[in-house]
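I have placed the structure first, in the form of C-alpha cells, so that the comments after it can refer back to it.
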Amino acid sequence: MPTSAAQRAGEKPYDGTVNGQDPGTALPCRREFNQNFSAQTWLSALQTALEAARRLPWVDESRTLVLGISEGATMAALLAARNQYVTNVVMVGGSGTTQLYDLVVSAYQRCANVSPCLARIYSQVHDIYTYPDSATRFAWGHPYKRWASFLRIDPSEELLRSHAHVFWAFGTDDTSTPPLSAEVAIARLQIAGCDLTVRRIPHANHMLMSRGEYDFVSTDREFRSALRWFWSDHAGSTRGCAGH
C-alpha cells in the first residue's frame with residue numbers, strides 16, 4: 001500500500017553475536033563487527049538504506065520520518081542534520097547531549113562519593129582517545145573505536161542543524177540514558193524555536209515500559225502516538241528547526 005513515509009530497515013555491518021551473553025554490549029559480537037563499527041560507518045550504511053528507500057517508485061519524497069531508539073536516536077539526529085529532506089525525527093530514550101555527559105550524570109546519581117567516580121570516567125575517556133581505533137580495548141561494554149566516535153556527538157547540536165520536526169519520548173525512570181540528558185536537548189530546542197513535541201512517560205524505563213510491566217504495551221502506545229504525530233497535518237506544515 002503506497003505511503004509517504006520512506007520505509008527501509010538496515011542492519012549494522014557485520015552484525016551478529018558469537019554467543020548470547022552480555023546483551024546490550026558489544027562483548028559477544030563478532031570480531032569483524034567491532035573492527036568496523038563506529039558512528040561514521042553506521043551513518044554511511046543508514047544513508048545508503050535511506051537513499052534506496054526514497055528511490056522506490058511508491059514513495060512520496062516530500063516527507064521522510066526517521067525513528068531512533070537509544071543509540072539509534074543519536075543516529076537519527078545525525079541523519080537529520082546531514083540530510084535536509086528528513087522532515088520528522090522521533091527520538092526514543094536517546095541522549096540529549098554527549099554520552100560523556102550521560103556518564104557524568106549517572107555518576108552523580110549512583111556514586112556515594114562522586115569525585116573518584118568522575119576521576120575514573122575521565123581517565124577512561126583519556127585512554128579511549130589514546131587508542132581511538134582499538135577494537136580490542138573495551139570500556140563500558142564497547143570497544144574504544146565505538147566510543148571514540150560516539151562520545152564526540154551531541155544530538156541536540158545535530159538537530160539544531162536540521163530542519164526536522166522532533167518528537168522526543170523518554171521514561172522518567174530510565175536508568176540507561178539519564179532523563180536529564182534528554183532535558184538538556186529539549187531546553188536547547190525550545191529556546192531555538194524548533195517544532196518539538198515531548199512525551200515524558202512517568203515511571204517508565206529505557207524502552208518506555210511502565211514500572212512492573214513485562215510486555216511492550218506502553219512502548220506500543222507511545223510508538224503509535226509518534227506515528228499519529230507524523231501523519232498529522234501540523235507535522236509537515238512548517239519547518240521544524242531553523243538550521244542553526
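Each chain in the C-alpha cells gets a letter, A, B, ..., in the order shown, and its residues are numbered from 1; ligands are numbered from 1 in order too.
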
Please produce, as CSV, a per-residue contact table for region 28-57 of chain A versus region 134-138 of chain A (criterion: any atom at most 12 Å away, only C-alpha atoms considered), showing the nearest atom pair and its distance in Å to one decimal, sorted by chain then residue number.
residue,atom,partner,partner_atom,distance
A:Pro28,CA,A:Phe138,CA,11.9
A:Cys29,CA,A:Ala135,CA,11.1
A:Arg30,CA,A:Ala135,CA,10.8
A:Arg31,CA,A:Ala135,CA,8.0
A:Glu32,CA,A:Ala135,CA,9.1
A:Phe33,CA,A:Ala135,CA,9.0
A:Asn34,CA,A:Ala135,CA,5.4
A:Gln35,CA,A:Ala135,CA,5.1
A:Asn36,CA,A:Ala135,CA,8.3
A:Phe37,CA,A:Ala135,CA,8.9
A:Ser38,CA,A:Ala135,CA,10.2

For the residues in that selection, give me N, CA and C atoms as an mmCIF file, in the first residue's frame.
data_model
loop_
_atom_site.group_PDB
_atom_site.id
_atom_site.type_symbol
_atom_site.label_atom_id
_atom_site.label_comp_id
_atom_site.auth_asym_id
_atom_site.auth_seq_id
_atom_site.Cartn_x
_atom_site.Cartn_y
_atom_site.Cartn_z
ATOM 1 N N PRO A 28 29.892 -9.803 23.127
ATOM 2 C CA PRO A 28 29.733 -11.077 22.415
ATOM 3 C C PRO A 28 29.720 -10.945 20.893
ATOM 4 N N CYS A 29 29.960 -9.735 20.381
ATOM 5 C CA CYS A 29 29.836 -9.529 18.941
ATOM 6 C C CYS A 29 31.032 -10.095 18.179
ATOM 7 N N ARG A 30 30.807 -10.336 16.921
ATOM 8 C CA ARG A 30 31.873 -10.835 16.058
ATOM 9 C C ARG A 30 33.019 -9.836 15.978
ATOM 10 N N ARG A 31 34.232 -10.365 15.790
ATOM 11 C CA ARG A 31 35.411 -9.506 15.703
ATOM 12 C C ARG A 31 35.260 -8.483 14.570
ATOM 13 N N GLU A 32 34.702 -8.927 13.434
ATOM 14 C CA GLU A 32 34.548 -8.032 12.293
ATOM 15 C C GLU A 32 33.646 -6.854 12.618
ATOM 16 N N PHE A 33 32.627 -7.123 13.447
ATOM 17 C CA PHE A 33 31.721 -6.041 13.828
ATOM 18 C C PHE A 33 32.471 -4.971 14.627
ATOM 19 N N ASN A 34 33.198 -5.388 15.636
ATOM 20 C CA ASN A 34 33.906 -4.432 16.482
ATOM 21 C C ASN A 34 35.012 -3.700 15.732
ATOM 22 N N GLN A 35 35.586 -4.351 14.737
ATOM 23 C CA GLN A 35 36.612 -3.697 13.936
ATOM 24 C C GLN A 35 36.019 -2.652 13.005
ATOM 25 N N ASN A 36 34.775 -2.848 12.625
ATOM 26 C CA ASN A 36 34.143 -1.969 11.648
ATOM 27 C C ASN A 36 33.289 -0.871 12.252
ATOM 28 N N PHE A 37 32.637 -1.169 13.371
ATOM 29 C CA PHE A 37 31.542 -0.301 13.813
ATOM 30 C C PHE A 37 32.017 1.006 14.437
ATOM 31 N N SER A 38 31.446 2.096 13.949
ATOM 32 C CA SER A 38 31.613 3.427 14.522
ATOM 33 C C SER A 38 30.408 4.248 14.097
#

Open item on the list: Taking the DSSP secondary structure from the backbone, can you list the residues of region 11-138 of chain A that are strand (DSSP E or B), as a ChimeraX atom specification?
Closed with: /A:17,29,59,65-69,88-92,138

Please write the residues from the selection above to a file, keeping N, CA and C atoms, as an mmCIF file, in the first residue's frame.
data_model
loop_
_atom_site.group_PDB
_atom_site.id
_atom_site.type_symbol
_atom_site.label_atom_id
_atom_site.label_comp_id
_atom_site.auth_asym_id
_atom_site.auth_seq_id
_atom_site.Cartn_x
_atom_site.Cartn_y
_atom_site.Cartn_z
ATOM 1 N N THR A 17 26.129 -12.103 16.818
ATOM 2 C CA THR A 17 26.851 -12.364 18.061
ATOM 3 C C THR A 17 27.475 -13.750 18.049
ATOM 4 N N CYS A 29 29.960 -9.735 20.381
ATOM 5 C CA CYS A 29 29.836 -9.529 18.941
ATOM 6 C C CYS A 29 31.032 -10.095 18.179
ATOM 7 N N VAL A 59 7.149 5.708 -3.138
ATOM 8 C CA VAL A 59 7.461 6.588 -2.004
ATOM 9 C C VAL A 59 7.283 8.056 -2.385
ATOM 10 N N LEU A 65 10.378 10.363 7.584
ATOM 11 C CA LEU A 65 10.430 10.168 9.031
ATOM 12 C C LEU A 65 11.593 9.242 9.376
ATOM 13 N N VAL A 66 12.381 9.642 10.376
ATOM 14 C CA VAL A 66 13.432 8.790 10.918
ATOM 15 C C VAL A 66 13.140 8.577 12.395
ATOM 16 N N LEU A 67 13.061 7.312 12.811
ATOM 17 C CA LEU A 67 12.799 6.979 14.214
ATOM 18 C C LEU A 67 13.996 6.223 14.775
ATOM 19 N N GLY A 68 14.501 6.682 15.912
ATOM 20 C CA GLY A 68 15.639 6.019 16.529
ATOM 21 C C GLY A 68 15.419 5.777 18.004
ATOM 22 N N ILE A 69 15.890 4.618 18.469
ATOM 23 C CA ILE A 69 15.762 4.236 19.871
ATOM 24 C C ILE A 69 17.159 4.121 20.473
ATOM 25 N N ASN A 88 10.969 14.770 9.721
ATOM 26 C CA ASN A 88 10.474 14.399 11.044
ATOM 27 C C ASN A 88 11.423 13.416 11.706
ATOM 28 N N VAL A 89 11.691 13.632 12.977
ATOM 29 C CA VAL A 89 12.566 12.745 13.746
ATOM 30 C C VAL A 89 11.861 12.350 15.035
ATOM 31 N N VAL A 90 11.849 11.062 15.324
ATOM 32 C CA VAL A 90 11.339 10.554 16.594
ATOM 33 C C VAL A 90 12.524 10.036 17.401
ATOM 34 N N MET A 91 12.737 10.632 18.563
ATOM 35 C CA MET A 91 13.829 10.249 19.463
ATOM 36 C C MET A 91 13.221 9.501 20.646
ATOM 37 N N VAL A 92 13.619 8.246 20.850
ATOM 38 C CA VAL A 92 13.096 7.431 21.945
ATOM 39 C C VAL A 92 14.259 6.998 22.836
ATOM 40 N N PHE A 138 38.233 -2.413 25.569
ATOM 41 C CA PHE A 138 36.824 -2.168 25.842
ATOM 42 C C PHE A 138 36.634 -1.246 27.041
#

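Across the model, the gap from CA of Gly171 (chain A) to CA of Asn205 (chain A) is 5.0 Å.
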
- [ ] From a DSSP pass on the backbone, collect the residues of region 75-215 of chain A flagged as helix (DSSP H, G or I) and hand them back as a ChimeraX atom specification.
- [x] /A:75-82,99-110,114-130,144-150,155-161,179-192

TODO: Choose the residue, out of A:Leu100, A:Val105, A:Ala45, A:Val198, that has the smallest atom-to-atom separation from Arg152 (chain A); count only C-alpha atoms.
DONE: A:Leu100
